[in-house]
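Source file: my_file-v7.cif (mmCIF, C-alpha atoms and all ligand atoms; chains and numbers go by the auth columns)
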data_final
loop_
_atom_site.group_PDB
_atom_site.id
_atom_site.type_symbol
_atom_site.label_atom_id
_atom_site.label_comp_id
_atom_site.label_asym_id
_atom_site.label_seq_id
_atom_site.Cartn_x
_atom_site.Cartn_y
_atom_site.Cartn_z
_atom_site.B_iso_or_equiv
_atom_site.auth_seq_id
_atom_site.auth_asym_id
ATOM 1 C CA MET A 1 -76.591 -52.000 -2.455 0.00 1 A
ATOM 2 C CA ASN A 2 -78.884 -54.956 -3.289 0.00 2 A
ATOM 3 C CA ASP A 3 -76.798 -57.301 -1.163 0.00 3 A
ATOM 4 C CA ASN A 4 -77.562 -55.226 1.923 0.00 4 A
ATOM 5 C CA ILE A 5 -81.337 -55.584 1.589 0.00 5 A
ATOM 6 C CA ARG A 6 -83.176 -58.497 3.186 0.00 6 A
ATOM 7 C CA LEU A 7 -86.863 -59.308 3.531 0.00 7 A
ATOM 8 C CA LYS A 8 -88.057 -61.355 6.488 0.00 8 A
ATOM 9 C CA ILE A 9 -91.541 -62.242 7.679 0.00 9 A
ATOM 10 C CA LEU A 10 -91.989 -59.621 10.376 0.00 10 A
ATOM 11 C CA THR A 11 -92.212 -60.709 14.018 0.00 11 A
ATOM 12 C CA GLU A 12 -93.349 -58.596 16.957 0.00 12 A
ATOM 13 C CA LYS A 13 -89.849 -58.457 18.472 0.00 13 A
ATOM 14 C CA TYR A 14 -89.035 -55.666 16.004 0.00 14 A
ATOM 15 C CA ILE A 15 -91.924 -53.461 17.126 0.00 15 A
ATOM 16 C CA ASN A 16 -90.749 -50.861 19.636 0.00 16 A
ATOM 17 C CA ASN A 17 -91.340 -47.182 20.399 0.00 17 A
ATOM 18 C CA ASP A 18 -88.876 -46.005 17.725 0.00 18 A
ATOM 19 C CA VAL A 19 -90.703 -48.038 15.085 0.00 19 A
ATOM 20 C CA LEU A 20 -94.060 -46.767 16.338 0.00 20 A
ATOM 21 C CA LYS A 21 -92.910 -43.205 15.521 0.00 21 A
ATOM 22 C CA TRP A 22 -93.024 -44.089 11.815 0.00 22 A
ATOM 23 C CA TYR A 23 -96.816 -44.314 12.009 0.00 23 A
ATOM 24 C CA PHE A 24 -97.080 -40.785 13.405 0.00 24 A
ATOM 25 C CA ASP A 25 -94.665 -39.241 10.895 0.00 25 A
ATOM 26 C CA LYS A 26 -96.699 -37.038 8.561 0.00 26 A
ATOM 27 C CA GLU A 27 -94.228 -37.430 5.677 0.00 27 A
ATOM 28 C CA VAL A 28 -94.254 -41.222 5.928 0.00 28 A
ATOM 29 C CA THR A 29 -98.060 -41.381 6.081 0.00 29 A
ATOM 30 C CA ARG A 30 -98.651 -38.561 3.562 0.00 30 A
ATOM 31 C CA PHE A 31 -100.135 -40.934 0.970 0.00 31 A
ATOM 32 C CA SER A 32 -101.103 -43.787 3.268 0.00 32 A
ATOM 33 C CA ASP A 33 -104.303 -44.922 4.978 0.00 33 A
ATOM 34 C CA ASN A 34 -102.197 -45.173 8.138 0.00 34 A
ATOM 35 C CA GLN A 35 -102.788 -41.450 8.656 0.00 35 A
ATOM 36 C CA HIS A 36 -106.429 -42.312 9.402 0.00 36 A
ATOM 37 C CA ARG A 37 -105.654 -45.158 11.827 0.00 37 A
ATOM 38 C CA LYS A 38 -104.785 -45.250 15.507 0.00 38 A
ATOM 39 C CA PHE A 39 -101.571 -46.904 16.641 0.00 39 A
ATOM 40 C CA ASN A 40 -100.070 -48.075 19.888 0.00 40 A
ATOM 41 C CA LEU A 41 -97.424 -50.636 20.727 0.00 41 A
ATOM 42 C CA ASN A 42 -99.816 -53.440 21.688 0.00 42 A
ATOM 43 C CA MET A 43 -102.050 -52.942 18.672 0.00 43 A
ATOM 44 C CA GLN A 44 -99.085 -52.983 16.349 0.00 44 A
ATOM 45 C CA LYS A 45 -97.610 -56.135 17.909 0.00 45 A
ATOM 46 C CA GLN A 46 -101.015 -57.806 17.647 0.00 46 A
ATOM 47 C CA TYR A 47 -101.288 -56.768 13.990 0.00 47 A
ATOM 48 C CA VAL A 48 -97.910 -58.358 13.276 0.00 48 A
ATOM 49 C CA LYS A 49 -98.976 -61.560 15.085 0.00 49 A
ATOM 50 C CA ASN A 50 -102.259 -61.671 13.154 0.00 50 A
ATOM 51 C CA CYS A 51 -100.348 -61.359 9.892 0.00 51 A
ATOM 52 C CA GLN A 52 -98.139 -64.286 10.912 0.00 52 A
ATOM 53 C CA LEU A 53 -101.245 -66.457 11.387 0.00 53 A
ATOM 54 C CA SER A 54 -102.886 -65.412 8.132 0.00 54 A
ATOM 55 C CA ASN A 55 -102.897 -67.362 4.879 0.00 55 A
ATOM 56 C CA SER A 56 -104.025 -64.416 2.802 0.00 56 A
ATOM 57 C CA ARG A 57 -101.378 -61.850 3.661 0.00 57 A
ATOM 58 C CA PHE A 58 -97.647 -61.882 4.249 0.00 58 A
ATOM 59 C CA LEU A 59 -96.056 -58.995 6.103 0.00 59 A
ATOM 60 C CA HIS A 60 -92.351 -58.681 5.344 0.00 60 A
ATOM 61 C CA GLY A 61 -89.987 -56.464 7.262 0.00 61 A
ATOM 62 C CA ILE A 62 -87.417 -54.646 5.109 0.00 62 A
ATOM 63 C CA PHE A 63 -83.901 -54.830 6.569 0.00 63 A
ATOM 64 C CA PHE A 64 -80.933 -52.820 5.394 0.00 64 A
ATOM 65 C CA ASP A 65 -77.607 -53.996 6.849 0.00 65 A
ATOM 66 C CA ASN A 66 -79.733 -55.886 9.409 0.00 66 A
ATOM 67 C CA THR A 67 -81.531 -52.690 10.474 0.00 67 A
ATOM 68 C CA TYR A 68 -85.323 -52.814 10.273 0.00 68 A
ATOM 69 C CA ILE A 69 -86.412 -49.854 8.110 0.00 69 A
ATOM 70 C CA GLY A 70 -89.906 -50.581 6.768 0.00 70 A
ATOM 71 C CA ASN A 71 -92.546 -53.020 5.585 0.00 71 A
ATOM 72 C CA ILE A 72 -93.893 -54.542 2.433 0.00 72 A
ATOM 73 C CA LEU A 73 -97.212 -56.356 2.653 0.00 73 A
ATOM 74 C CA ILE A 74 -98.536 -58.914 0.203 0.00 74 A
ATOM 75 C CA SER A 75 -102.279 -58.953 0.921 0.00 75 A
ATOM 76 C CA ASN A 76 -105.660 -59.879 -0.510 0.00 76 A
ATOM 77 C CA ILE A 77 -104.143 -63.067 -1.881 0.00 77 A
ATOM 78 C CA SER A 78 -106.768 -64.798 -3.999 0.00 78 A
ATOM 79 C CA ASN A 79 -106.175 -68.477 -4.629 0.00 79 A
ATOM 80 C CA TYR A 80 -108.950 -68.413 -7.242 0.00 80 A
ATOM 81 C CA HIS A 81 -107.632 -65.531 -9.280 0.00 81 A
ATOM 82 C CA LYS A 82 -103.948 -65.964 -8.372 0.00 82 A
ATOM 83 C CA THR A 83 -103.706 -62.264 -7.572 0.00 83 A
ATOM 84 C CA ALA A 84 -102.401 -60.229 -4.660 0.00 84 A
ATOM 85 C CA GLU A 85 -101.987 -56.598 -3.710 0.00 85 A
ATOM 86 C CA ILE A 86 -98.750 -55.023 -2.516 0.00 86 A
ATOM 87 C CA SER A 87 -98.359 -52.038 -0.212 0.00 87 A
ATOM 88 C CA TYR A 88 -95.156 -50.733 1.327 0.00 88 A
ATOM 89 C CA PHE A 89 -93.301 -48.004 3.136 0.00 89 A
ATOM 90 C CA ILE A 90 -89.865 -47.135 4.430 0.00 90 A
ATOM 91 C CA GLY A 91 -90.433 -45.684 7.905 0.00 91 A
ATOM 92 C CA ASP A 92 -86.885 -44.529 8.486 0.00 92 A
ATOM 93 C CA LYS A 93 -86.612 -41.601 6.044 0.00 93 A
ATOM 94 C CA ARG A 94 -82.791 -41.671 6.043 0.00 94 A
ATOM 95 C CA TYR A 95 -83.183 -44.650 3.700 0.00 95 A
ATOM 96 C CA TRP A 96 -85.407 -42.918 1.128 0.00 96 A
ATOM 97 C CA GLY A 97 -84.121 -42.190 -2.345 0.00 97 A
ATOM 98 C CA LYS A 98 -81.461 -44.914 -2.394 0.00 98 A
ATOM 99 C CA GLY A 99 -83.271 -47.307 -4.717 0.00 99 A
ATOM 100 C CA ILE A 100 -84.234 -49.568 -1.837 0.00 100 A
ATOM 101 C CA MET A 101 -87.973 -49.859 -2.577 0.00 101 A
ATOM 102 C CA THR A 102 -87.300 -50.416 -6.265 0.00 102 A
ATOM 103 C CA THR A 103 -85.162 -53.403 -5.249 0.00 103 A
ATOM 104 C CA VAL A 104 -87.643 -54.571 -2.592 0.00 104 A
ATOM 105 C CA ILE A 105 -90.511 -54.615 -5.104 0.00 105 A
ATOM 106 C CA LYS A 106 -88.301 -56.660 -7.441 0.00 106 A
ATOM 107 C CA MET A 107 -87.702 -59.154 -4.597 0.00 107 A
ATOM 108 C CA VAL A 108 -91.423 -59.388 -3.852 0.00 108 A
ATOM 109 C CA VAL A 109 -92.212 -59.957 -7.527 0.00 109 A
ATOM 110 C CA HIS A 110 -89.967 -63.019 -7.371 0.00 110 A
ATOM 111 C CA ILE A 111 -91.628 -64.263 -4.165 0.00 111 A
ATOM 112 C CA ALA A 112 -95.076 -63.825 -5.754 0.00 112 A
ATOM 113 C CA LYS A 113 -94.085 -65.637 -8.906 0.00 113 A
ATOM 114 C CA ASP A 114 -91.784 -68.397 -7.649 0.00 114 A
ATOM 115 C CA SER A 115 -93.086 -69.182 -4.140 0.00 115 A
ATOM 116 C CA LEU A 116 -96.716 -68.076 -4.166 0.00 116 A
ATOM 117 C CA LYS A 117 -97.248 -69.060 -7.828 0.00 117 A
ATOM 118 C CA LEU A 118 -99.412 -66.009 -8.467 0.00 118 A
ATOM 119 C CA ASN A 119 -100.368 -64.702 -11.894 0.00 119 A
ATOM 120 C CA LYS A 120 -100.632 -61.028 -11.041 0.00 120 A
ATOM 121 C CA LEU A 121 -99.663 -58.357 -8.526 0.00 121 A
ATOM 122 C CA TYR A 122 -101.402 -55.004 -8.211 0.00 122 A
ATOM 123 C CA ALA A 123 -100.973 -51.759 -6.294 0.00 123 A
ATOM 124 C CA GLY A 124 -102.962 -48.559 -5.893 0.00 124 A
ATOM 125 C CA VAL A 125 -101.011 -45.303 -5.622 0.00 125 A
ATOM 126 C CA ALA A 126 -102.002 -41.703 -5.011 0.00 126 A
ATOM 127 C CA SER A 127 -101.457 -39.758 -8.234 0.00 127 A
ATOM 128 C CA GLU A 128 -98.905 -37.430 -6.598 0.00 128 A
ATOM 129 C CA ASN A 129 -96.827 -40.163 -4.962 0.00 129 A
ATOM 130 C CA TYR A 130 -94.144 -39.891 -7.630 0.00 130 A
ATOM 131 C CA ALA A 131 -91.478 -41.981 -5.845 0.00 131 A
ATOM 132 C CA SER A 132 -93.882 -44.899 -5.430 0.00 132 A
ATOM 133 C CA ILE A 133 -95.075 -44.618 -9.039 0.00 133 A
ATOM 134 C CA LYS A 134 -91.485 -44.646 -10.251 0.00 134 A
ATOM 135 C CA ALA A 135 -90.573 -47.669 -8.119 0.00 135 A
ATOM 136 C CA LEU A 136 -93.518 -49.589 -9.616 0.00 136 A
ATOM 137 C CA GLU A 137 -92.832 -48.510 -13.187 0.00 137 A
ATOM 138 C CA LYS A 138 -89.151 -49.428 -12.860 0.00 138 A
ATOM 139 C CA ASN A 139 -90.424 -52.917 -12.031 0.00 139 A
ATOM 140 C CA ASN A 140 -92.558 -52.987 -15.205 0.00 140 A
ATOM 141 C CA PHE A 141 -95.899 -52.459 -13.469 0.00 141 A
ATOM 142 C CA ILE A 142 -98.371 -51.131 -16.032 0.00 142 A
ATOM 143 C CA LYS A 143 -100.850 -48.343 -15.397 0.00 143 A
ATOM 144 C CA GLU A 144 -104.258 -50.028 -15.714 0.00 144 A
ATOM 145 C CA GLY A 145 -106.546 -47.211 -14.746 0.00 145 A
ATOM 146 C CA LYS A 146 -107.331 -44.189 -12.687 0.00 146 A
ATOM 147 C CA ARG A 147 -109.984 -43.899 -9.969 0.00 147 A
ATOM 148 C CA ILE A 148 -111.066 -40.306 -9.715 0.00 148 A
ATOM 149 C CA GLN A 149 -110.809 -38.736 -6.230 0.00 149 A
ATOM 150 C CA HIS A 150 -110.625 -42.198 -4.725 0.00 150 A
ATOM 151 C CA LEU A 151 -108.310 -41.237 -1.851 0.00 151 A
ATOM 152 C CA TYR A 152 -108.589 -38.606 0.868 0.00 152 A
ATOM 153 C CA TYR A 153 -105.318 -37.623 2.501 0.00 153 A
ATOM 154 C CA ASN A 154 -104.563 -34.537 4.576 0.00 154 A
ATOM 155 C CA SER A 155 -107.840 -32.804 3.730 0.00 155 A
ATOM 156 C CA LYS A 156 -107.418 -33.279 -0.017 0.00 156 A
ATOM 157 C CA TYR A 157 -108.772 -35.746 -2.555 0.00 157 A
ATOM 158 C CA TYR A 158 -106.371 -37.586 -4.839 0.00 158 A
ATOM 159 C CA ASP A 159 -106.895 -39.822 -7.828 0.00 159 A
ATOM 160 C CA GLN A 160 -105.729 -43.387 -7.342 0.00 160 A
ATOM 161 C CA ILE A 161 -103.601 -44.856 -10.097 0.00 161 A
ATOM 162 C CA ASP A 162 -104.044 -48.624 -10.361 0.00 162 A
ATOM 163 C CA TYR A 163 -100.933 -50.538 -11.374 0.00 163 A
ATOM 164 C CA GLY A 164 -100.677 -54.213 -12.306 0.00 164 A
ATOM 165 C CA LEU A 165 -97.933 -56.658 -13.228 0.00 165 A
ATOM 166 C CA LEU A 166 -98.564 -59.965 -14.977 0.00 166 A
ATOM 167 C CA LEU A 167 -96.058 -62.411 -13.540 0.00 167 A
ATOM 168 C CA ASN A 168 -96.043 -64.960 -16.312 0.00 168 A
ATOM 169 C CA TYR A 169 -94.853 -62.532 -18.925 0.00 169 A
ATOM 170 C CA PHE A 170 -91.409 -61.607 -17.718 0.00 170 A
HETATM 171 C C1 LIG B . -92.510 -44.243 -1.790 0.00 201 A
HETATM 172 C C2 LIG B . -91.303 -44.912 -1.161 0.00 201 A
HETATM 173 C C3 LIG B . -91.676 -46.328 -0.771 0.00 201 A
HETATM 174 C C4 LIG B . -90.158 -44.933 -2.157 0.00 201 A
HETATM 175 O O1 LIG B . -89.094 -45.687 -1.619 0.00 201 A
HETATM 176 P P1 LIG B . -87.577 -45.357 -2.006 0.00 201 A
HETATM 177 O O2 LIG B . -86.727 -46.502 -1.587 0.00 201 A
HETATM 178 O O3 LIG B . -87.232 -44.012 -1.484 0.00 201 A
HETATM 179 O O4 LIG B . -87.699 -45.328 -3.590 0.00 201 A
HETATM 180 P P2 LIG B . -86.496 -45.463 -4.596 0.00 201 A
HETATM 181 O O5 LIG B . -85.242 -44.904 -3.993 0.00 201 A
HETATM 182 O O6 LIG B . -86.475 -46.875 -5.072 0.00 201 A
HETATM 183 O O7 LIG B . -86.938 -44.409 -5.708 0.00 201 A
HETATM 184 C C5 LIG B . -87.819 -44.651 -6.728 0.00 201 A
HETATM 185 C C6 LIG B . -87.624 -43.583 -7.781 0.00 201 A
HETATM 186 O O8 LIG B . -88.425 -42.442 -7.461 0.00 201 A
HETATM 187 C C7 LIG B . -87.681 -41.265 -7.632 0.00 201 A
HETATM 188 N N1 LIG B . -88.219 -40.238 -6.774 0.00 201 A
HETATM 189 C C8 LIG B . -88.100 -40.112 -5.443 0.00 201 A
HETATM 190 N N2 LIG B . -88.789 -39.035 -5.016 0.00 201 A
HETATM 191 C C9 LIG B . -89.333 -38.465 -6.108 0.00 201 A
HETATM 192 C C10 LIG B . -90.150 -37.318 -6.341 0.00 201 A
HETATM 193 N N3 LIG B . -90.571 -36.556 -5.330 0.00 201 A
HETATM 194 N N4 LIG B . -90.519 -37.048 -7.611 0.00 201 A
HETATM 195 C C11 LIG B . -90.122 -37.821 -8.636 0.00 201 A
HETATM 196 N N5 LIG B . -89.364 -38.938 -8.496 0.00 201 A
HETATM 197 C C12 LIG B . -88.978 -39.231 -7.228 0.00 201 A
HETATM 198 C C13 LIG B . -86.267 -41.688 -7.302 0.00 201 A
HETATM 199 O O9 LIG B . -85.341 -40.787 -7.851 0.00 201 A
HETATM 200 C C14 LIG B . -86.209 -43.053 -7.944 0.00 201 A
HETATM 201 O O10 LIG B . -85.996 -42.967 -9.334 0.00 201 A
HETATM 202 P P3 LIG B . -84.544 -43.191 -9.937 0.00 201 A
HETATM 203 O O11 LIG B . -84.110 -44.548 -9.472 0.00 201 A
HETATM 204 O O12 LIG B . -84.772 -43.132 -11.410 0.00 201 A
HETATM 205 O O13 LIG B . -83.686 -42.107 -9.413 0.00 201 A
HETATM 206 C C15 LIG B . -90.830 -44.126 0.118 0.00 201 A
HETATM 207 O O14 LIG B . -90.616 -42.805 -0.240 0.00 201 A
HETATM 208 C C16 LIG B . -91.823 -44.191 1.231 0.00 201 A
HETATM 209 O O15 LIG B . -91.804 -45.120 2.039 0.00 201 A
HETATM 210 N N6 LIG B . -92.762 -43.216 1.284 0.00 201 A
HETATM 211 C C17 LIG B . -93.785 -43.169 2.310 0.00 201 A
HETATM 212 C C18 LIG B . -94.795 -44.303 2.209 0.00 201 A
HETATM 213 C C19 LIG B . -95.429 -44.440 0.841 0.00 201 A
HETATM 214 O O16 LIG B . -95.721 -43.468 0.186 0.00 201 A
HETATM 215 N N7 LIG B . -95.644 -45.701 0.445 0.00 201 A
HETATM 216 C C20 LIG B . -96.235 -46.033 -0.840 0.00 201 A
HETATM 217 C C21 LIG B . -97.719 -45.977 -0.809 0.00 201 A
HETATM 218 S S1 LIG B . -98.389 -46.446 -2.390 0.00 201 A
#
Here is a file; write its structure as structure tokens.
Amino acid sequence: MNDNIRLKILTEKYINNDVLKWYFDKEVTRFSDNQHRKFNLNMQKQYVKNCQLSNSRFLHGIFFDNTYIGNILISNISNYHKTAEISYFIGDKRYWGKGIMTTVIKMVVHIAKDSLKLNKLYAGVASENYASIKALEKNNFIKEGKRIQHLYYNSKYYDQIDYGLLLNYF
């Protein structure tokens, strides 16, 4: 399974109408700020280009058997604090529940530690996003706190669970 997963810095050639559908899929965006954003093909290509030019965020496409299935973003990179945030999704739901994101997070932990030389990664997760919580915890992310009613998704408030991983301790 792991051998089939690749991460590549995303380029706009992968953005097409099928991919755009991910951003309008209510299950995919259930616990994501993307449900509050507007998307079209040009905007999404421009976003990908902007990420390529940025020094403070790295947008990786997730590829399974060379098929593009989702994204993982390393953002808010602080060169002072040596920290960065991760956020991620698998847009093609046929690939959910196969351990892919657990493996992808593991790969990103290695990028953050070995290439970016960071000290810490963090992620904020809606309290009911059990699959995401499990993928983080399986990668040894520690629950650092809870922000009460910090997120508003689909007409409901959710607590945000803040997770962190110290990279120099594993
Ligand atoms: C959350 C998400 C990234 C998980 O990716 P995934 O590749 O399906 O996750 P994994 O297969 O690695 O599963 C992680 C674990 O969660 C478990 N899990 C999945 N759904 C679950 C649920 N509803 N309740 C409890 N556990 C669940 C899996 O069984 C697995 O645990 P296991 O390995 O012990 O069996 C994916 O569902 C997704 O893209 N969701 C929409 C976007 C999103 O929510 N992004 C995260 C925002 S913080």
Counting all atoms listed in the file, which residues of chain A fall within 7 Å of ligand LIG 201 (chain A), and what is the closest atom pair for each with its distance in Å at one decimal, ordered by chain and rising number, as a tab-separated table?
residue	atom	partner	partner_atom	distance
A:Glu27	CA	A:LIG201	C17	6.7
A:Val28	CA	A:LIG201	C17	4.1
A:Thr29	CA	A:LIG201	C18	5.8
A:Arg30	CA	A:LIG201	O16	6.6
A:Phe31	CA	A:LIG201	O16	5.1
A:Ser32	CA	A:LIG201	C21	5.7
A:Ser87	CA	A:LIG201	S1	6.0
A:Tyr88	CA	A:LIG201	N7	5.1
A:Phe89	CA	A:LIG201	O15	3.4
A:Ile90	CA	A:LIG201	O15	3.7
A:Gly91	CA	A:LIG201	O15	6.1
A:Tyr95	CA	A:LIG201	O3	6.6
A:Trp96	CA	A:LIG201	O3	3.4
A:Gly97	CA	A:LIG201	O5	3.4
A:Lys98	CA	A:LIG201	O5	4.1
A:Gly99	CA	A:LIG201	O5	3.2
A:Ile100	CA	A:LIG201	O2	4.0
A:Met101	CA	A:LIG201	O2	3.7
A:Thr102	CA	A:LIG201	O6	3.8
A:Thr103	CA	A:LIG201	O6	6.7
A:Gly124	CA	A:LIG201	S1	6.1
A:Val125	CA	A:LIG201	S1	4.3
A:Ala126	CA	A:LIG201	S1	6.5
A:Asn129	CA	A:LIG201	O16	6.2
A:Tyr130	CA	A:LIG201	N4	4.6
A:Ala131	CA	A:LIG201	O8	3.5
A:Ser132	CA	A:LIG201	C1	3.9
A:Lys134	CA	A:LIG201	O8	4.7
A:Ala135	CA	A:LIG201	C5	4.3
Shell around Phe64 (chain A) at 6 Å using all atoms listed in the file, local window under 2 positions removed, as an MDAnalysis selection string: chainID A and resid 4:5 66:67
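Between CA of Ala123 (chain A) and CA of Leu7 (chain A) the interatomic distance comes to 18.8 Å.
As for CA of Phe141 (chain A) and CA of Asn119 (chain A), they are spaced 13.1 Å apart.
Taking CA of Leu53 (chain A) and CA of Gln35 (chain A) as endpoints, the distance between them is 25.2 Å.
Run against this file, the PyMOL selection byres (((chain A and resi 145) around 12) and not hetatm) gives back Tyr122, Ala123, Gly124, Val125, Ser127, Phe141, Ile142, Lys143, Glu144, Lys146, Arg147, Ile148, His150, Asp159, Gln160, Ile161, Asp162, Tyr163 and Gly164 of chain A.
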Selection result of the PyMOL selection byres (((chain A and resi 81) around 12) and not hetatm) on this file, as a VMD selection string: chain A and resid 76 to 80 82 to 85 117 to 121
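When you apply the PyMOL selection byres (((chain A and resi 14) around 10) and not hetatm) to this structure, what comes back is Leu10, Thr11, Glu12, Lys13, Ile15, Asn16, Asn17, Asp18, Val19, Lys45, Val48, Gly61, Thr67 and Tyr68 of chain A.
Minimum atom-to-atom distances from A:Tyr23, A:Asn34, A:His60, A:Lys93 to Lys8 (chain A) were compared using all atoms listed in the file, and the lowest value belongs to A:His60.
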Counting only C-alpha atoms, which residues of region 22-67 of chain A fall within 12 Å of region 113-116 of chain A, and what is the closest atom pair for each with its distance in Å at one decimal, ordered by chain and rising number, as a tab-separated table?
residue	atom	partner	partner_atom	distance
A:Asn55	CA	A:Leu116	CA	11.0
A:Ser56	CA	A:Leu116	CA	10.7
A:Arg57	CA	A:Leu116	CA	11.0
A:Phe58	CA	A:Leu116	CA	10.5
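The closest residue to Glu128 (chain A), picked from A:Ile105, A:Ala112, A:Gln44, A:Tyr157 and counting all atoms listed in the file, is A:Tyr157.
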Pick from A:Asn42, A:Asp25, A:Gln149, A:Ile111, whichever lies nearest to Ile74 (chain A) using only C-alpha atoms: A:Ile111
